[in-house]
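Below is one structure, written out as structure tokens; the observations come after it.
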Amino acid sequence: MGSVKDLIVIEEPLKNKTGRGRFIFSDRYSVFDWGEMPDHITNKGKSLCISAAYFFEKLESMGIKTHYLGLVEDGRLKRISDVKGPVDIMEVKLLRVLKPPKTADGYDYSDYKTEKCNLLIPLEVIFRNSLPAGSSVFKRLEKGELELKELGLEKMPIPGENLEKPFLDVSTKLEESDRYLGWKEAQEIARLSDNELEEMRKITLLINELIGQEANKIGLKYEDGKIEFGFDEERDLLLVDVLGTLDECRFTFKGMPISKEITRLYYRKTSWFKELVEVKKRDRLNWKEKVNLSPPPLPARLKELISMAYCAFANEITKKEWFVGILPMQEILREISEILNV
């Protein structure tokens, strides 16, 4: 399915009927749209699976429709309260993915004119509660791709600045590299009605609030996150993929990131990343095949600490010790900060 998780298709989705499949959460990870990186992070997959299931079941209790069906343990479908230990398999409803073909000047989204139901909406919705260092917002403001008034600000923000209210951003989902859009263009390529767009934004704000509340309970600051939507058989909005995990969200503790942003901090100092940035400037569509360098492996101790951070998050957010022998989050992050000199 991708660089982070695999998909087993049990029933193929049809035009008028959702399918059924299983996500296999791996210990792989991806940054900067590169795809699979050279290291595997031990227990990352199980941590993501447990964390995502926790949030899906919370959303269900709020009446928000999702594609989540349950966790799989010993071949059986179970709720999170019924599994005996951490698992890395989740069963979900499947929607059709209508990937837009490349054209000479971009991508062709014409299929969304005629196809109405049982499909993934080709957008990723991002919610931003603050602007931590490394946020793409700073670069977009400098380039004039985003205006301060869209963020509700009058002057250029500084890293770490909180926003008075969440800023909802949107990007493409099915293109070679994610591309930020204005909401009008996003509505047009996905063929969303005004009501559908408004409902999507409303659900996004509810999800953002839930994740923020849960993070606050364990002493974390919730910076930003992302979600995806689809339409079911009746063209009702359906939350898909996963949410609320360290891969989908950015959390910090006293300024230190608790997510794969840790790996970004390390790789931003490498020659590989510098070359990647330069190549992307010249060729937005075919940049990856033109990067000569490969990403180096993570230092062994940093990789171990990142693994513990994922495990600690799953333990603390669910209030259950899925992973034993894990250091407290504060100790993990203190050592990571020393290694990265941040």
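Just remember, in the structure tokens the first chain shown is A, the second B, etc., residues are 1-based per chain, and ligands are 1-based in the order shown.
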Counting only C-alpha atoms, give me one row per residue of segment 11-126 of chain A with an atom at most 9 Å from an atom of segment 249-264 of chain A, showing the shortest contact pair and its distance in Å to one decimal, sorted by chain then residue number, as CSV.
residue,atom,partner,partner_atom,distance
A:Tyr29,CA,A:Lys260,CA,8.1
A:Ser30,CA,A:Lys260,CA,8.5
A:Val31,CA,A:Arg264,CA,6.8
A:Phe32,CA,A:Arg264,CA,8.1
Taking the chain letters and numbering used in this document, name the residues of segment 13-177 of chain A that DSSP puts in strand (DSSP E or B), as a ChimeraX atom specification.
-> /A:14,17,19-25,30,36,66,68-73,76-78,89-94,96,102-103,106-107,119-120,123-131,161-172
Could you check how far atom CA of Ile10 of chain A sits from atom CA of His67 of chain A, in Å to one decimal?
-> 14.3 Å
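Of the listed residues A:Gln187, A:Ser171, A:Ser135, A:Asn208, the one whose atoms come nearest to Tyr112 of chain A is A:Gln187, with distances taken using only C-alpha atoms.
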Which neighbours of Leu14 of chain A fall inside 9 Å, counting only C-alpha atoms, when residues of the same chain fewer than 4 positions from it are skipped, and could you give them as a count of residues only?
-> 5
Could you build a table of the residues in segment 89-170 of chain A lying no more than 8 Å from segment 218-226 of chain A, giving for each the nearest pair of atoms and their separation in Å rounded to one decimal place, using only C-alpha atoms, ordered by chain and ascending residue number, as a Markdown table?
| residue | atom | partner | partner_atom | distance |
| --- | --- | --- | --- | --- |
| A:Glu124 | CA | A:Lys226 | CA | 6.7 |
| A:Val125 | CA | A:Lys226 | CA | 5.5 |
| A:Ile126 | CA | A:Lys226 | CA | 4.3 |
| A:Phe127 | CA | A:Gly225 | CA | 5.5 |
| A:Arg128 | CA | A:Asp224 | CA | 4.4 |
| A:Asn129 | CA | A:Glu223 | CA | 5.3 |
| A:Ser130 | CA | A:Glu223 | CA | 5.2 |
| A:Leu131 | CA | A:Glu223 | CA | 7.1 |
| A:Pro132 | CA | A:Glu223 | CA | 7.0 |
